[in-house]
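Text of structure25.txt (compact mmCIF, C-alpha atoms) as supplied:
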# COMPACT_ATOMS: atom_id res chain seq x y z
CA MET A 628 0.00 0.00 0.00
CA GLU A 629 1.36 3.44 -1.00
CA PHE A 630 1.35 6.53 1.18
CA ASP A 631 -1.30 8.16 -1.04
CA ASP A 632 -3.69 5.31 -0.24
CA LEU A 633 -3.06 5.82 3.44
CA GLN A 634 -3.68 9.54 3.05
CA ARG A 635 -7.00 8.93 1.27
CA ALA A 636 -8.18 6.58 4.01
CA TRP A 637 -7.03 9.10 6.61
CA GLN A 638 -8.85 12.01 5.07
CA ALA A 639 -12.07 10.01 4.80
CA GLN A 640 -12.35 9.76 8.59
CA ASN A 641 -14.50 12.17 10.50
CA PRO A 642 -13.27 12.15 14.10
CA ALA A 643 -15.51 15.05 15.14
CA ALA A 644 -18.53 12.82 14.54
CA GLN A 645 -17.24 10.54 17.28
CA VAL A 646 -17.62 13.07 20.05
CA THR A 647 -20.74 14.57 21.49
CA ILE A 648 -19.89 17.77 23.26
CA LYS A 649 -22.00 19.81 25.60
CA ALA A 650 -20.72 23.23 24.48
CA ASP A 651 -21.95 25.18 27.51
CA LEU A 652 -20.45 22.70 29.91
CA LEU A 653 -17.21 22.81 27.94
CA LEU A 654 -16.97 26.59 28.23
CA LYS A 655 -17.76 26.45 31.94
CA GLU A 656 -15.09 23.80 32.39
CA VAL A 657 -12.45 25.70 30.39
CA ARG A 658 -13.10 28.86 32.42
CA ARG A 659 -12.94 26.96 35.68
CA ASN A 660 -9.73 25.24 34.62
CA GLU A 661 -8.18 28.59 33.72
CA ARG A 662 -9.10 30.05 37.12
CA SER A 663 -7.84 26.92 38.85
CA PHE A 664 -4.55 27.06 36.92
CA TRP A 665 -3.83 30.67 37.89
CA SER A 666 -4.92 30.10 41.45
CA THR A 667 -2.48 27.14 41.68
CA ILE A 668 0.35 29.33 40.35
CA PHE A 669 -0.55 32.16 42.76
CA TRP A 670 -0.64 29.92 45.84
CA ARG A 671 2.60 28.19 44.82
CA ASP A 672 4.30 31.61 44.70
CA VAL A 673 2.75 32.59 48.03
CA ARG A 674 3.90 29.31 49.61
CA GLU A 675 7.47 29.78 48.38
CA VAL A 676 7.76 33.39 49.51
CA SER A 677 5.80 33.02 52.75
CA ALA A 678 8.72 31.58 54.78
CA ALA A 679 10.90 34.58 53.88
CA VAL A 680 8.04 37.02 54.60
CA PHE A 681 7.26 35.35 57.93
CA LEU A 682 10.90 35.45 59.06
CA THR A 683 11.27 39.07 57.90
CA ALA A 684 8.24 40.04 60.00
CA TRP A 685 9.42 37.94 62.94
CA TRP A 686 12.91 39.47 63.09
CA SER A 687 11.64 42.96 62.39
CA TYR A 688 9.33 42.63 65.36
CA ASP A 689 12.19 41.28 67.52
CA GLY A 690 14.44 44.14 66.39
CA TRP A 691 11.77 46.70 67.21
CA ARG A 692 10.97 45.09 70.58
CA HIS A 693 14.58 44.75 71.75
CA HIS A 694 15.98 47.77 69.88
CA ALA A 695 18.67 45.46 68.51
CA TRP A 696 20.17 46.05 65.06
CA PRO A 697 21.31 42.42 64.51
CA TYR A 698 17.65 41.39 64.33
CA PHE A 699 17.00 44.03 61.70
CA LEU A 700 19.99 42.64 59.78
CA CYS A 701 18.38 39.18 59.92
CA ALA A 702 15.08 40.67 58.70
CA LEU A 703 16.93 42.38 55.86
CA ILE A 704 18.60 39.11 54.79
CA CYS A 705 15.23 37.31 54.76
CA ALA A 706 13.61 40.15 52.84
CA GLY A 707 16.46 39.85 50.32
CA VAL A 708 15.64 36.16 49.81
CA GLY A 709 11.96 37.00 49.31
CA VAL A 710 12.76 39.81 46.85
CA PHE A 711 15.12 37.50 44.92
CA MET A 712 12.33 34.94 44.58
CA LEU A 713 9.79 37.52 43.45
CA VAL A 714 12.16 39.14 40.93
CA ASP A 715 13.15 35.73 39.55
CA ARG A 716 9.50 34.69 39.23
CA ALA A 717 8.65 37.95 37.44
CA ALA A 718 11.61 37.55 35.06
CA GLN A 719 10.61 33.95 34.32
CA LYS A 720 7.02 34.96 33.59
CA LYS A 721 8.30 37.18 30.77
CA THR A 722 10.17 34.32 29.12
CA GLN A 723 7.68 31.51 29.64
CA PRO A 724 6.71 29.54 26.55
CA THR A 725 3.69 30.62 24.56
CA PHE A 726 1.67 27.74 23.22
CA ASN A 727 0.68 29.63 20.08
CA GLY A 728 4.29 30.08 18.91
CA THR A 729 6.10 27.66 16.62
CA LEU A 730 6.99 24.29 18.10
CA LYS A 731 10.69 25.19 17.98
CA SER A 732 10.23 28.49 19.83
CA CYS A 733 8.01 26.79 22.39
CA LEU A 734 10.58 24.05 22.97
CA ASP A 735 13.41 26.61 23.19
CA ALA A 736 11.50 28.59 25.81
CA SER A 737 10.54 25.45 27.75
CA LEU A 738 14.15 24.28 27.76
CA ALA A 739 15.38 27.68 28.97
CA GLN A 740 12.79 27.58 31.73
CA VAL A 741 13.66 24.05 32.84
CA THR A 742 17.41 24.81 32.72
CA HIS A 743 16.85 27.89 34.87
CA GLN A 744 14.73 25.88 37.30
CA ILE A 745 17.50 23.27 37.56
CA TRP A 746 20.04 26.02 38.22
CA LEU A 747 17.82 27.47 40.95
CA LEU A 748 17.25 24.18 42.72
CA LYS A 749 20.87 23.04 42.42
CA ASN A 750 21.99 26.33 43.95
CA VAL A 751 19.24 26.50 46.56
CA PHE A 752 21.90 26.40 49.27
CA TRP A 753 23.48 29.67 48.12
CA TRP A 754 20.42 31.82 47.56
CA TYR A 755 17.96 30.38 50.08
CA LEU A 756 19.51 28.19 52.76
CA LEU A 757 22.77 30.03 53.37
CA PRO A 758 21.18 33.49 53.91
CA LEU A 759 18.64 31.96 56.31
CA LEU A 760 21.44 30.07 58.09
CA VAL A 761 23.46 33.27 58.41
CA ALA A 762 20.41 35.09 59.76
CA SER A 763 19.78 32.27 62.28
CA ALA A 764 23.45 32.31 63.31
CA ILE A 765 23.42 36.09 63.82
CA SER A 766 20.26 35.88 65.88
CA MET A 767 21.54 33.02 68.07
CA SER A 768 24.98 34.59 68.57
CA TYR A 769 23.41 37.89 69.59
CA GLU A 770 21.13 36.17 72.08
CA ASN A 771 24.04 34.19 73.59
CA LEU A 772 26.26 37.26 73.87
CA HIS A 773 23.56 39.14 75.73
CA MET A 774 22.71 36.43 78.20
CA ARG A 775 23.37 37.80 81.67
CA HIS A 776 24.01 34.43 83.30
CA PHE A 777 25.03 31.13 81.79
CA ASP A 778 21.94 29.00 81.68
CA LYS A 779 22.65 25.34 80.97
CA GLY A 780 19.05 24.60 80.00
CA ALA A 781 18.97 27.49 77.57
CA ALA A 782 22.30 26.42 76.05
CA VAL A 783 21.05 22.88 75.50
CA GLY A 784 17.81 24.29 74.06
CA ALA A 785 19.80 26.49 71.67
CA MET A 786 21.93 23.54 70.58
CA LEU A 787 18.85 21.42 69.98
CA ALA A 788 17.25 24.25 68.03
CA ALA A 789 20.41 24.60 65.91
CA LEU A 790 20.39 20.85 65.27
CA LEU A 791 16.73 20.97 64.31
CA VAL A 792 17.33 23.89 61.93
CA ALA A 793 20.32 22.06 60.37
CA CYS A 794 18.21 18.91 59.86
CA PHE A 795 15.37 20.92 58.37
CA PHE A 796 17.73 22.71 55.94
CA ARG A 797 19.35 19.43 54.95
CA TRP A 798 15.89 18.00 54.24
CA VAL A 799 14.98 21.06 52.11
CA TYR A 800 18.27 20.75 50.21
CA ARG A 801 17.80 17.04 49.53
CA LEU A 802 14.19 17.59 48.51
CA ASN A 803 15.31 20.13 45.90
CA GLN A 804 18.08 17.88 44.57
CA ALA A 805 15.64 14.97 44.34
CA ALA A 806 13.22 17.15 42.36
CA VAL A 807 16.04 17.95 39.92
CA ALA A 808 17.02 14.31 39.51
CA ARG A 809 13.52 12.86 39.31
CA ARG A 810 11.58 15.50 37.44
CA LEU A 811 13.67 18.26 35.90
CA ASP A 812 16.70 16.41 34.50
CA PRO A 813 14.53 13.90 32.59
CA ARG A 814 12.38 16.77 31.31
CA ARG A 815 15.47 18.68 30.14
CA GLU A 816 16.78 15.59 28.36
CA GLU A 817 13.39 15.08 26.73
CA LEU A 818 13.27 18.69 25.52
CA GLU A 819 16.85 18.51 24.25
CA ALA A 820 15.98 15.34 22.31
CA LEU A 821 12.89 17.01 20.82
CA LEU A 822 14.92 20.06 19.81
CA ALA A 823 17.65 17.85 18.34
CA SER A 824 15.03 16.14 16.19
CA LEU A 825 14.09 19.57 14.80
CA ARG A 826 17.68 20.37 13.78
CA MET B 928 -11.31 41.70 23.10
CA THR B 929 -14.52 41.33 25.07
CA SER B 930 -15.45 38.15 26.87
CA ARG B 931 -18.32 37.61 24.43
CA GLU B 932 -16.01 37.90 21.38
CA ARG B 933 -13.56 35.47 22.97
CA GLU B 934 -16.34 33.00 23.64
CA ALA B 935 -17.66 33.33 20.07
CA ILE B 936 -14.20 32.62 18.59
CA PHE B 937 -13.74 29.66 20.88
CA ARG B 938 -17.12 28.14 19.99
CA ARG B 939 -16.45 28.62 16.26
CA TRP B 940 -12.95 27.13 16.41
CA PHE B 941 -14.29 24.29 18.42
CA GLU B 942 -17.06 23.52 15.92
CA GLU B 943 -14.83 23.90 12.86
CA HIS B 944 -11.59 22.37 14.06
CA LEU B 945 -12.53 19.73 16.61
CA GLY B 946 -11.60 17.04 14.08
CA LEU B 947 -8.08 18.44 13.81
CA MET B 948 -7.65 18.46 17.59
CA LEU B 949 -8.97 14.92 17.94
CA LYS B 950 -6.53 13.67 15.31
CA VAL B 951 -3.63 15.21 17.25
CA VAL B 952 -4.97 13.76 20.49
CA ARG B 953 -5.34 10.26 19.04
CA GLY B 954 -1.97 10.49 17.30
CA CYS B 955 -0.24 11.29 20.60
CA THR B 956 -2.11 9.24 23.20
CA ALA B 957 -3.53 5.73 23.27
CA THR B 958 -6.01 5.39 26.12
CA PRO B 959 -9.40 7.18 26.35
CA GLN B 960 -8.38 8.61 29.74
CA ASP B 961 -5.19 10.15 28.28
CA GLN B 962 -7.07 11.33 25.21
CA ASP B 963 -9.66 13.08 27.36
CA ASP B 964 -6.93 14.63 29.47
CA LEU B 965 -4.92 15.90 26.50
CA LEU B 966 -8.00 17.19 24.68
CA GLN B 967 -8.99 19.21 27.72
CA ASP B 968 -5.45 20.58 28.01
CA ILE B 969 -5.48 21.60 24.34
CA LEU B 970 -8.86 23.30 24.74
CA LEU B 971 -7.62 25.15 27.82
CA GLN B 972 -4.51 26.37 25.97
CA LEU B 973 -6.64 27.32 22.99
CA TRP B 974 -8.94 29.36 25.21
CA SER B 975 -5.91 31.09 26.78
CA SER B 976 -4.39 31.82 23.37
CA ILE B 977 -7.43 33.63 21.94
CA PRO B 978 -6.58 37.13 23.27
CA SER B 979 -3.24 37.04 21.42
CA PHE B 980 -4.78 35.78 18.17
CA ARG B 981 -4.61 38.27 15.29
CA SER B 982 -6.99 37.84 12.37
CA GLU B 983 -4.12 37.91 9.83
CA ALA B 984 -2.86 34.61 11.26
CA LYS B 985 -4.22 31.45 9.70
CA GLU B 986 -6.59 29.68 12.08
CA THR B 987 -5.55 26.11 11.28
CA THR B 988 -1.85 26.96 11.69
CA TRP B 989 -2.65 28.58 15.05
CA ILE B 990 -4.66 25.59 16.25
CA TYR B 991 -2.04 23.10 15.09
CA ARG B 992 0.60 25.08 16.98
CA VAL B 993 -1.41 25.14 20.19
CA ALA B 994 -2.32 21.45 19.83
CA PHE B 995 1.23 20.23 19.14
CA ASN B 996 2.86 22.47 21.73
CA THR B 997 0.40 21.23 24.33
CA ALA B 998 0.91 17.61 23.27
CA MET B 999 4.71 17.99 23.58
CA ALA B 1000 4.36 19.46 27.07
CA TRP B 1001 1.74 16.94 28.17
CA ARG B 1002 2.99 14.04 30.26
CA ARG B 1003 1.14 10.92 31.15
CA GLY B 1004 0.44 10.39 34.82
CA GLU B 1005 1.32 13.95 35.78
CA ARG B 1006 -1.02 15.25 38.43
CA ARG B 1007 -3.87 16.98 36.72
CA ARG B 1008 -4.25 20.70 37.17
CA ARG B 1009 -7.96 20.55 36.79
CA GLU B 1010 -10.22 20.82 39.79
CA SER B 1011 -13.09 18.98 38.26
CA HIS B 1012 -13.14 15.86 36.18
CA GLU B 1013 -16.65 16.33 34.96
CA LEU B 1014 -16.65 15.05 31.41
CA PHE B 1015 -18.05 17.53 28.94
CA ALA B 1016 -17.73 15.12 26.07
CA ARG B 1017 -18.99 11.66 25.30
CA TYR B 1018 -16.44 9.74 23.24
CA ASP B 1019 -16.63 7.01 20.75
CA LEU B 1020 -13.05 7.05 19.67
CA SER B 1021 -13.15 4.20 17.24
CA PRO B 1022 -12.51 5.79 13.83
CA GLN B 1023 -15.59 6.44 11.76
CA LEU B 1024 -15.61 7.28 8.09
CA GLN B 1025 -17.76 9.41 5.90
CA PRO B 1026 -20.78 7.36 4.81
CA SER B 1027 -19.88 7.95 1.17
CA HIS B 1028 -16.64 5.96 1.47
CA VAL B 1029 -16.97 2.70 -0.42
CA ASP B 1030 -14.64 0.44 1.54
CA ALA B 1031 -15.65 1.91 4.89
CA LEU B 1032 -14.68 -1.01 7.11
CA PRO B 1033 -11.22 -1.80 5.66
CA ALA B 1034 -10.35 1.90 5.54
CA GLN B 1035 -11.45 2.22 9.14
CA GLU B 1036 -8.99 -0.49 10.08
CA ILE B 1037 -6.26 1.24 8.09
CA VAL B 1038 -6.90 4.49 9.98
CA GLU B 1039 -6.81 2.61 13.28
CA LYS B 1040 -3.47 1.05 12.34
CA LEU B 1041 -2.19 4.41 11.14
CA TYR B 1042 -2.91 5.96 14.54
CA ALA B 1043 -1.03 3.10 16.19
CA ALA B 1044 1.93 3.55 13.81
CA ILE B 1045 1.99 7.32 14.36
CA ARG B 1046 2.09 6.83 18.13
CA GLU B 1047 5.21 4.70 17.65
CA LEU B 1048 7.05 7.54 15.88
CA PRO B 1049 9.20 10.10 17.71
CA LYS B 1050 7.00 13.04 18.76
CA VAL B 1051 8.21 15.51 16.14
CA ASP B 1052 7.92 12.90 13.37
CA ALA B 1053 4.41 12.08 14.58
CA SER B 1054 3.40 15.74 14.28
CA LEU B 1055 4.81 15.87 10.75
CA ALA B 1056 3.01 12.66 9.80
CA LEU B 1057 -0.29 14.01 11.13
CA MET B 1058 0.05 17.22 9.15
CA GLN B 1059 1.13 15.40 6.00
CA LEU B 1060 -1.82 13.02 6.23
CA ASP B 1061 -4.12 16.02 6.67
CA GLY B 1062 -2.69 17.46 3.46
CA LEU B 1063 -0.88 20.54 4.79
CA SER B 1064 1.71 22.14 2.52
CA TYR B 1065 5.40 22.22 3.46
CA GLN B 1066 5.09 25.94 4.04
CA GLU B 1067 2.23 25.45 6.50
CA MET B 1068 4.17 22.73 8.31
CA ALA B 1069 7.20 25.03 8.50
CA GLU B 1070 5.00 27.73 10.05
CA VAL B 1071 3.74 25.30 12.68
CA LEU B 1072 7.11 23.81 13.59
CA GLY B 1073 9.48 26.71 12.94
CA ILE B 1074 11.89 24.73 10.76
CA SER B 1075 12.86 25.00 7.10
CA GLU B 1076 10.75 23.51 4.29
CA ASN B 1077 13.80 21.66 2.95
CA TYR B 1078 14.31 19.90 6.23
CA ILE B 1079 10.62 19.02 6.37
CA GLY B 1080 10.92 17.49 2.90
CA VAL B 1081 13.86 15.34 3.98
CA LYS B 1082 12.11 14.18 7.12
CA LEU B 1083 8.82 13.45 5.39
CA THR B 1084 10.44 11.25 2.76
CA ARG B 1085 11.70 9.03 5.55
CA ILE B 1086 8.45 9.16 7.55
CA ARG B 1087 6.30 8.30 4.52
CA LYS B 1088 8.48 5.30 3.76
CA GLN B 1089 8.46 4.25 7.39
CA LEU B 1090 4.67 4.46 7.70
CA ALA B 1091 4.06 2.66 4.40
CA GLU B 1092 6.51 -0.04 5.48
CA GLN B 1093 4.92 -0.41 8.90
CA LEU B 1094 1.43 -0.58 7.43
CA LYS B 1095 2.44 -2.88 4.59
CA GLY B 1096 2.01 -6.11 6.49
CA ALA B 1097 -0.98 -4.79 8.38
CA THR B 1098 -2.93 -3.68 5.32
CA ASP B 1099 -2.16 -6.68 3.12
CA GLY B 1100 -4.93 -8.67 4.71
CA ILE B 1101 -7.43 -5.81 4.54
CA ARG B 1102 -7.80 -5.34 0.82
Serialized structure, C-alpha cells:
Amino acid sequence: MEFDDLQRAWQAQNPAAQVTIKADLLLKEVRRNERSFWSTIFWRDVREVSAAVFLTAWWSYDGWRHHAWPYFLCALICAGVGVFMLVDRAAQKKTQPTFNGTLKSCLDASLAQVTHQIWLLKNVFWWYLLPLLVASAISMSYENLHMRHFDKGAAVGAMLAALLVACFFRWVYRLNQAAVARRLDPRREELEALLASLR
Amino acid sequence: MTSREREAIFRRWFEEHLGLMLKVVRGCTATPQDQDDLLQDILLQLWSSIPSFRSEAKETTWIYRVAFNTAMAWRRGERRRRESHELFARYDLSPQLQPSHVDALPAQEIVEKLYAAIRELPKVDASLALMQLDGLSYQEMAEVLGISENYIGVKLTRIRKQLAEQLKGATDGIR
C-alpha cells in the first residue's frame, strides 16, 4: 500500500462525529480550569515566599521590641531572599513559553525555563539556605552574647534548636536535589531530544 | 477583546476544528483517559491563546501550533491541574468514516493502524506525519514547527516510507 492510499483513508475519517460535546459545559469547564490554573500558580508563589516574609516580619518585630540592630539585619537578609524569589518569578514569567508560537520556539522557551529551574534548585543552598542560616546564626549569637548568666538549660535548648534547623535545611536541600534528579533532568533531556530532532 | 467575542471565537474554532484536535490527540495518546486529558489541556490552551490571536494569522496553523505544543508538554500520569473531572464530552473514539466511502470497514482499520503507527514515531515525526496526512503544505508545516521547508521534505520522505513499510504487512490482509 502506498502513502497516497493511506492519506485517502485518513482524510475520509470524521473524528468530530465521534464526540458529542456539551458546548456550555465545555466553556464552563475551560473557564474553571483557567481560574484553577492561575490560582495554583498564585498559591505556589505565596507558599514559596511566605517563609521569607514570615521570618522578615518575625525578626523585624524582635528588632523593634529589643531595639537590637542584629535582628534588623536578619530581617533584611530574609527580605532579600523573598525579593530575589519575586524578581526571579517575574523575570521567568516574561520568558515563559507561549503555546501559540512555533513548536521550535516553544521548545526553546521550555528548555530555557527548565534549565533555569535546575540552576535554581541546584543552587538552593546559596540563595535560600545560606542566607537563612546566616540570619539564624546572627540571631543566636546575639542572644548568647547578651545572656546575663550562663543557663545550661537554655544552652542545651539552643543547641537542639540549631540541630533541628540544620536537619530541616538538609531535608529542604535534599528535597530540591531529588526534584532535579527525578523531574527536571529527565524533562530537560526530553526537551533537548525534541529540539535535536528539529535540527 | 470582550469576553463575548472570545467566547464566540472559541465556539467557532471548536465547531470547525474539533476534528483536527482529535486527530492530534489520538496520534499522541492511546487510552481514552489520556485522550480526554490531552483534549482538555489543548482546549484550555486554545482558550488562553485567543486574546493574542490576530486575524491575519491562519486559524488552522494557530490551532495546530497550540495542539502540538500542548501535546509535547503533556505528560502521562502527571497530576492533573484541573479541579473537576466532569466530562463535557462523550467519546466514541473508534474511527468512523464518511458514509460515502466505499470500503468503509477496511479503511477504518487502516486508519486505526495508522494511529497506532503514528504513536510509535518520535513526537516531532508524529506531528509531521499528522500534518502530511491532513494534506498541509510544506510551508504550512514550516509555520507550525518553525523549521525549514527543505528539512521538512527530507524528514517526510523518511516518515512516509516508514509508515508505508509499517502498514504494509498490516494492510495486506485488509484489501
Using only C-alpha atoms, pick whichever of B:Ile969, B:Leu1048, B:Leu949, B:Ala1056 has the shortest atom-to-atom distance to chain A. B:Leu949
From B:Glu983, B:Asp1052, B:Glu932, B:Asp961, residue lying nearest chain A [all atoms listed in the file]: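 Among the listed residues, B:Asp1052 lies closest to chain A.
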Gln972 in chain B: which residues within 12 Å, counting only C-alpha atoms, same-chain residues fewer than 6 positions away excluded, as a ChimeraX atom specification? /A:657-658,660-661,664,724-728 /B:937,948,965-966,978-979,989-998,1000-1001
Suppose you want the space between CA of His694 in chain A and CA of Glu770 in chain A; what is it in Å? 12.9 Å
Select residues of chain A: the criterion is any atom within 8 Å of an atom of chain B, counting all atoms listed in the file; output as a ChimeraX atom specification. /A:628-630,633-634,636-650,652-654,656-657,659-661,663-664,726-734,821,824-826
Return the single residue from A:Lys655, A:Trp798, A:Tyr755, A:Tyr769 that is closest to Tyr698 in chain A, with distances computed using only C-alpha atoms.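 Among A:Lys655, A:Trp798, A:Tyr755, A:Tyr769, it is A:Tyr769 that comes nearest to Tyr698 in chain A.
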Could you please determine the separation between CA of Pro697 in chain A and CA of Ile765 in chain A in Å, to one decimal place?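 Taking CA of Pro697 in chain A as the start and CA of Ile765 in chain A as the end point, the length is 6.7 Å.
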